[in-house]
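J.: Before I ask anything, here is the structure I am working with.
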Amino acid sequence: MDAQNVFDTLDEQNIVTWTVLITSYLENGQDEEALGLYYDMRKAGIKPDEAILVCILKVCAQIGLRESLMTAYMKCASLEDAHTLFVTSSIRDVTCWSSIIAGYSLHGHNMESLELYKNMEQDGVQPNEMTFPPILKACTGLKRLECGKLVHNQIVNLGFENDNFIRSTLIEMYACAERMEEACSVFRQTSAVGDDVLLNIMIGAFVECDQNEQALELFGQICQEGVELDHVMFLWVLRACLNIREGRLMHALAIKQGFDVHVEVQNTVISMYSKMGSLDDAHAIFNSLSKRTIQSYSVLFLGHSLFGCFDEALQLYHQMNVESMIQQDQSTLTLILKICATFGTLSTGRLIYTMIAESSLDREPFMGNIIMDFFATLGSVTDTDSVFNGLHLQDMALCNVLIGAYAENGYFWDALRFFRVMQEDGIEPDERTFLCLLNASGHAGSIILSYNCFWSIIDHKIVPNSHHFTSLIDALTRAGLLCEAEMLIMNMPMEPSLVAWTALLGCGSKHVFSDCKSSESGCCNQ
């Protein structure tokens with residue numbers, strides 16, 4: 001800029017010349033450079049006047065408005081609007097970069113977060129302590145530990161390793177990768193022993209990595225050091241309890257500390273007793289609750305189902321329906337349907353399906369899959385087909401459930417017919433699809449279809465696994481082709497499973513190994 005060149009040649013640089021130069025940058029939209037010059041002016045000992053302060057305050061206001069708008073867009077998941085505001089901004093400082101990176105990371109766009117971080121470095125903007133947590137979360141989400149380690153090194157080089165927010169994110173990253181030695185190393189370097197958030201994250205990391213003894217040991221140290229406890233710690237340590245004795249001790253301590261009034265703690269206590277098989281204790285806590293949530297019922301459902309008390313679980317479900325204020329969610333409905341499938345209660349399952357349909361949850365692919373699987377398990381192919389046809393989105397997983405339902409319940413030709421329809425609709429089959437088709441072909445007694453299906457696996461560039469080979473062997477034995485079945489077993493690219501040999505031997509009593517070189521006893525030795 002010409003004004004800059006003239007300014008640099010001046011013998012005396014006073015408030016007037018500084019004001020002219022800064023104003024020139026502002027008029028050219030170079031707000032960041034103008035702010036930089038203002039800082040240089042203050043370092044030079046020049047006291048600003050009213051005119052220059054008005055200009056600088058306007059720039060600061062624009063920056064504040066931009067960041068507020070960007071934050072609002074991110075909270076509303078309007079990433080496109082936030083990005084447009086970012087790229088059109090005349091000032092892209094570290095705060096601006098950190099905001100856009102955090103927004104993308106918050107909404108799970110981890111790769112975009114890393115790309116933005118790379119672009120920020122290329123622009124010569126040095127990250128600050130607010131930049132690193134979303135970047136570390138992005139590395140965690142992408143399971144890119146090596147990338148996370150590089151970021152960790154950069155944090156140390158820039159001197160941000162003492163920031164507890166960054167430390168917490170580092171511990172979470174290493175724990176998610178099951179690298180607890182590195183997580184513990186980060187934790188040991190902390191100076192703020194009484195930081196509740198950091199302590200909770202470390203205890204939680206131990207629990208999530210099934211290192212429950214270490215979690216309880218750390219909790220014991222915290223208690224000995226007189227650190228103030230919070231209810232979140234009890235959510236973790238109650239999960240870490242290895243036996244009923246430890247569980248009761250932690251429950252008693254939670255009561256002593258006054259944390260048993262928290263709904264989350266109450267539900268965790270119920271879950272702990274349920275998983276340990278102490279259903280009487282679980283029910284006692286449950287019955288004492290002044291307010292029951294969907295989670296209160298869910299953890300008790302799970303406890304009953306774990307120990308085969310399906311009848312009690314269904315009674316509990318009916319009790320929940322009486323308390324009409326309870327809003328049921330997908331996880332609870334899924335669990336109840338699984339219990340109904342295990343218990344064989346088709347009528348109850350149909351009632352639950354009616355409730356799901358009334359809330360339109362049945363049109364969600366995930367819920368549709370669960371419902372279809374329930375009806376298929378109990379042999380109700382008509383219901384399975386009806387649910388499938390009512391779904392808005394019919395993906396490969398749902399198609400596999402329907403093909404499997406046809407095959408497992410004797411509708412072999414319907415399974416093969418639907419496969420053709422599925423291909424016409426452009427839905428690509430996967431390993432599971434072909435396994436269902438092989439089972440259908442074998443049970444239909446069509447060895448030609450079984451062979452065609454097996455070769456179709458290869459045509460779709462899918463490597464046949466042991467389940468595919470076993471299914472074809474089963475089809476051959478059903479057709480009485482025992483020699484061909486044995487030949488296939490001997491030439492499988494992987495070790496034959498016990499199921500494969502059982503399929504061959506199971507038919508050996510019905511058919512004669514007339515032309516086979518190996519005897520049935522030879523098969524037994526294998």
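Each chain in the structure tokens gets a letter, A, B, ..., in the order shown, and its residues are numbered from 1; ligands are numbered from 1 in order too.
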For region 188-280 of chain A against region 300-322 of chain A, with a cut-off of 12 Å and counting only C-alpha atoms, what is the closest atom pair and its distance in Å to one decimal for every residue that makes the cut, ordered by chain and number, as CSV?

T.:
residue,atom,partner,partner_atom,distance
A:Gln266,CA,A:Leu300,CA,11.7
A:Asn267,CA,A:Leu300,CA,8.9
A:Thr268,CA,A:Leu300,CA,10.3
A:Val269,CA,A:Leu300,CA,10.4
A:Ile270,CA,A:Leu300,CA,6.8
A:Ser271,CA,A:Leu300,CA,6.6
A:Met272,CA,A:Gly303,CA,8.9
A:Tyr273,CA,A:Gly303,CA,8.2
A:Ser274,CA,A:Gly303,CA,4.4
A:Lys275,CA,A:Gly303,CA,5.4
A:Met276,CA,A:Gly303,CA,8.3
A:Gly277,CA,A:Phe307,CA,7.1
A:Ser278,CA,A:Gly303,CA,8.9
A:Leu279,CA,A:Gly303,CA,7.3
A:Asp280,CA,A:Leu300,CA,10.8

J.: Could the residues in this selection be written to a file with C-alpha atoms, as an mmCIF file, in the first residue's frame?

T.:
data_model
loop_
_atom_site.group_PDB
_atom_site.id
_atom_site.type_symbol
_atom_site.label_atom_id
_atom_site.label_comp_id
_atom_site.auth_asym_id
_atom_site.auth_seq_id
_atom_site.Cartn_x
_atom_site.Cartn_y
_atom_site.Cartn_z
ATOM 1 C CA GLN A 266 -31.273 -43.131 41.521
ATOM 2 C CA ASN A 267 -31.448 -44.715 38.065
ATOM 3 C CA THR A 268 -27.775 -45.729 38.233
ATOM 4 C CA VAL A 269 -28.351 -47.402 41.615
ATOM 5 C CA ILE A 270 -31.306 -49.339 40.159
ATOM 6 C CA SER A 271 -29.147 -50.345 37.186
ATOM 7 C CA MET A 272 -26.295 -51.467 39.460
ATOM 8 C CA TYR A 273 -28.510 -53.684 41.630
ATOM 9 C CA SER A 274 -30.312 -55.059 38.556
ATOM 10 C CA LYS A 275 -27.111 -56.062 36.764
ATOM 11 C CA MET A 276 -25.825 -57.769 39.901
ATOM 12 C CA GLY A 277 -29.007 -59.822 40.125
ATOM 13 C CA SER A 278 -30.244 -58.108 43.278
ATOM 14 C CA LEU A 279 -33.660 -57.391 41.776
ATOM 15 C CA ASP A 280 -35.315 -57.006 45.187
#

J.: Excluding region 234-236 of chain A and its own-chain neighbours fewer than 3 positions away, which residues fall within 6 Å of it when counting only C-alpha atoms? Please give them as a PDB file with N, CA and C atoms, in the first residue's frame.

T.:
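Saved to selection_22.pdb:
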ATOM      1  N   GLY A 204     -14.312 -41.687  34.674  1.00  0.00           N
ATOM      2  CA  GLY A 204     -15.144 -42.194  33.578  1.00  0.00           C
ATOM      3  C   GLY A 204     -14.334 -42.938  32.539  1.00  0.00           C
ATOM      4  N   HIS A 231     -22.284 -35.353  42.237  1.00  0.00           N
ATOM      5  CA  HIS A 231     -23.136 -36.501  41.889  1.00  0.00           C
ATOM      6  C   HIS A 231     -22.647 -37.220  40.639  1.00  0.00           C
ATOM      7  N   ARG A 239     -21.200 -47.501  38.616  1.00  0.00           N
ATOM      8  CA  ARG A 239     -21.011 -48.409  37.476  1.00  0.00           C
ATOM      9  C   ARG A 239     -19.766 -49.263  37.643  1.00  0.00           C
ATOM     10  N   VAL A 265     -28.636 -40.444  39.650  1.00  0.00           N
ATOM     11  CA  VAL A 265     -28.025 -41.341  40.639  1.00  0.00           C
ATOM     12  C   VAL A 265     -29.001 -42.457  41.007  1.00  0.00           C
TER      13      VAL A 265
END

J.: Between A:Leu35, A:Val54, A:Ile203, A:Leu21, which has the minimum distance to Ala240 (chain A) (counting only C-alpha atoms)?

T.: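 Among the listed residues, A:Ile203 lies closest to Ala240 (chain A).
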
J.: Which residue, A:Ala215, A:Met111, A:Leu53, A:Leu346, has the smallest gap to Tyr39 (chain A) when you use only C-alpha atoms?

T.: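 Going through A:Ala215, A:Met111, A:Leu53, A:Leu346 one by one, the smallest distance to Tyr39 (chain A) is for A:Leu53.
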
J.: My list of candidates is A:Cys147, A:Cys483, A:Leu136, A:Met494. Which is closest to Phe469 (chain A) when distances are computed with only C-alpha atoms?

T.: A:Met494

J.: As JSON, numbers by chain, list the residues of region 120-203 of chain A assigned to alpha helix (DSSP H) by DSSP on the backbone atoms of this structure.

T.: {"A": [120, 121, 122, 132, 133, 134, 135, 136, 137, 138, 139, 140, 141, 145, 146, 147, 148, 149, 150, 151, 152, 153, 154, 155, 156, 157, 164, 165, 166, 167, 168, 169, 170, 171, 172, 173, 174, 175, 176, 180, 181, 182, 183, 184, 185, 186, 187, 188, 196, 197, 198, 199, 200, 201, 202, 203]}

J.: Using only C-alpha atoms, which protein or nucleic acid residues come within 12 Å of Asp210 (chain A)? Drop anything in the same chain fewer than 2 positions from it, and give the result as a PyMOL selection string.

T.: chain A and resi 175-176+178+180+203-208+212-216+236-237+239-242

J.: Find the spatial neighbours of Ile403 (chain A), counting only C-alpha atoms, within a cut-off of 10 Å - ignore same-chain residues fewer than 5 positions away - and output them as an NGL selection string.

T.: :A and (376 or 385 or 398 or 408 or 411-412 or 414-419 or 432-437 or 440)

J.: Please write the residues from the selection above to a file, keeping C-alpha atoms, as a CSV table (one decimal), in the first residue's frame.

T.:
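The result, written out as again.csv:
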chain,number,residue,atom,x,y,z
A,376,ALA,CA,-39.7,-62.6,11.7
A,385,ASP,CA,-43.9,-57.8,5.1
A,398,LEU,CA,-34.2,-53.9,5.9
A,408,GLU,CA,-36.4,-68.9,7.8
A,411,TYR,CA,-41.1,-68.9,2.0
A,412,PHE,CA,-38.1,-69.7,-0.1
A,414,ASP,CA,-40.7,-65.4,-2.1
A,415,ALA,CA,-37.2,-64.7,-0.8
A,416,LEU,CA,-35.7,-65.3,-4.3
A,417,ARG,CA,-38.5,-63.2,-5.9
A,418,PHE,CA,-37.9,-60.3,-3.6
A,419,PHE,CA,-34.2,-60.4,-4.3
A,432,ARG,CA,-25.8,-60.9,4.7
A,433,THR,CA,-28.1,-60.8,1.7
A,434,PHE,CA,-26.3,-63.7,0.0
A,435,LEU,CA,-26.2,-65.7,3.1
A,436,CYS,CA,-30.0,-65.4,3.4
A,437,LEU,CA,-30.4,-66.3,-0.3
A,440,ALA,CA,-33.4,-70.1,1.0

J.: I want to know what sits within 8 Å of Asn164 (chain A), based on only C-alpha atoms, with residues of the same chain fewer than 3 positions away left out; could you give that as a compact mmCIF listing (two decimals) with N, CA and C atoms, in the first residue's frame?

T.:
# COMPACT_ATOMS: atom_id res chain seq x y z
N GLU A 161 -0.35 -27.05 27.65
CA GLU A 161 -0.61 -28.35 28.26
C GLU A 161 -1.19 -28.24 29.68
N ARG A 167 -6.63 -30.70 28.71
CA ARG A 167 -6.25 -31.97 29.34
C ARG A 167 -7.42 -32.95 29.34
N SER A 168 -8.60 -32.45 29.67
CA SER A 168 -9.79 -33.31 29.69
C SER A 168 -10.02 -33.93 28.33
N THR A 190 -1.48 -32.88 35.90
CA THR A 190 -2.38 -31.79 36.30
C THR A 190 -1.98 -31.22 37.65
N ALA A 192 -4.26 -28.97 39.11
CA ALA A 192 -5.54 -28.71 39.77
C ALA A 192 -6.20 -30.03 40.17
N LEU A 198 -12.21 -32.63 35.52
CA LEU A 198 -11.06 -33.47 35.16
C LEU A 198 -11.10 -34.80 35.91

J.: Which neighbours of region 95-97 of chain A fall inside 10 Å, counting only C-alpha atoms, when residues of the same chain fewer than 4 positions from it are skipped, and could you give them as a list in words?

T.: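 Answer for this query is Ile63, Gly64, Arg66, Glu67, Met70, Thr71, Phe86, Ser89, Ile91, Ile101, Ala102, Leu116, Tyr117, Asn119, Met120, Val125, Gln126, Pro127, Asn128, Met130 and Thr131 of chain A.
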
J.: Now that the selection is made, can you save its residues with N, CA and C atoms as a tab-separated table (two decimals), in the first residue's frame?

T.:
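Just written: out-v3.tsv:
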chain	number	residue	atom	x	y	z
A	63	ILE	N	-16.52	-7.18	14.56
A	63	ILE	CA	-15.96	-8.49	14.89
A	63	ILE	C	-16.87	-9.21	15.88
A	64	GLY	N	-17.32	-8.50	16.92
A	64	GLY	CA	-18.20	-9.10	17.92
A	64	GLY	C	-19.51	-9.56	17.32
A	66	ARG	N	-20.04	-10.38	14.17
A	66	ARG	CA	-19.75	-11.52	13.30
A	66	ARG	C	-19.64	-12.82	14.09
A	67	GLU	N	-18.90	-12.75	15.20
A	67	GLU	CA	-18.72	-13.96	16.01
A	67	GLU	C	-20.02	-14.41	16.66
A	70	MET	N	-22.04	-16.07	13.95
A	70	MET	CA	-21.47	-17.37	13.62
A	70	MET	C	-21.84	-18.40	14.69
A	71	THR	N	-21.76	-18.00	15.95
A	71	THR	CA	-22.13	-18.90	17.05
A	71	THR	C	-23.59	-19.29	16.97
A	86	PHE	N	-18.09	-16.83	7.49
A	86	PHE	CA	-16.65	-16.98	7.74
A	86	PHE	C	-15.82	-16.57	6.53
A	89	SER	N	-15.76	-12.83	5.69
A	89	SER	CA	-15.29	-11.94	6.74
A	89	SER	C	-13.94	-11.34	6.36
A	91	ILE	N	-11.91	-10.04	8.53
A	91	ILE	CA	-10.97	-10.39	9.61
A	91	ILE	C	-11.19	-11.83	10.00
A	101	ILE	N	-14.20	-23.93	13.44
A	101	ILE	CA	-13.71	-25.30	13.66
A	101	ILE	C	-14.56	-26.00	14.72
A	102	ALA	N	-14.85	-25.28	15.82
A	102	ALA	CA	-15.66	-25.86	16.90
A	102	ALA	C	-17.06	-26.20	16.42
A	116	LEU	N	-10.13	-27.37	8.06
A	116	LEU	CA	-10.11	-25.96	8.46
A	116	LEU	C	-8.89	-25.65	9.31
A	117	TYR	N	-8.54	-26.58	10.19
A	117	TYR	CA	-7.36	-26.39	11.04
A	117	TYR	C	-6.09	-26.30	10.18
A	119	ASN	N	-5.99	-25.33	7.05
A	119	ASN	CA	-6.05	-24.06	6.33
A	119	ASN	C	-5.65	-22.89	7.23
A	120	MET	N	-6.05	-22.97	8.50
A	120	MET	CA	-5.70	-21.92	9.45
A	120	MET	C	-4.19	-21.81	9.61
A	125	VAL	N	-2.08	-18.30	10.94
A	125	VAL	CA	-2.76	-17.97	12.20
A	125	VAL	C	-2.39	-19.01	13.25
A	126	GLN	N	-1.83	-18.55	14.36
A	126	GLN	CA	-1.41	-19.48	15.41
A	126	GLN	C	-2.59	-19.85	16.29
A	127	PRO	N	-2.80	-21.14	16.54
A	127	PRO	CA	-3.94	-21.57	17.38
A	127	PRO	C	-3.77	-21.13	18.83
A	128	ASN	N	-4.89	-21.02	19.53
A	128	ASN	CA	-4.84	-20.74	20.96
A	128	ASN	C	-5.50	-21.88	21.73
A	130	MET	N	-8.41	-22.27	22.79
A	130	MET	CA	-9.77	-22.59	22.39
A	130	MET	C	-9.82	-23.39	21.09
A	131	THR	N	-8.71	-23.40	20.36
A	131	THR	CA	-8.67	-24.10	19.07
A	131	THR	C	-8.55	-25.61	19.26

J.: What does the distance between CA of Gln211 (chain A) and CA of Val197 (chain A) come to in Å, to one decimal place?

T.: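 Computing the Euclidean distance for CA of Gln211 (chain A) and CA of Val197 (chain A) yields 19.1 Å.
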
J.: One number please: CA of Asp329 (chain A) to CA of Ile294 (chain A), in Å, one decimal.

T.: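 Value for the CA of Asp329 (chain A)-CA of Ile294 (chain A) distance: 7.6 Å.
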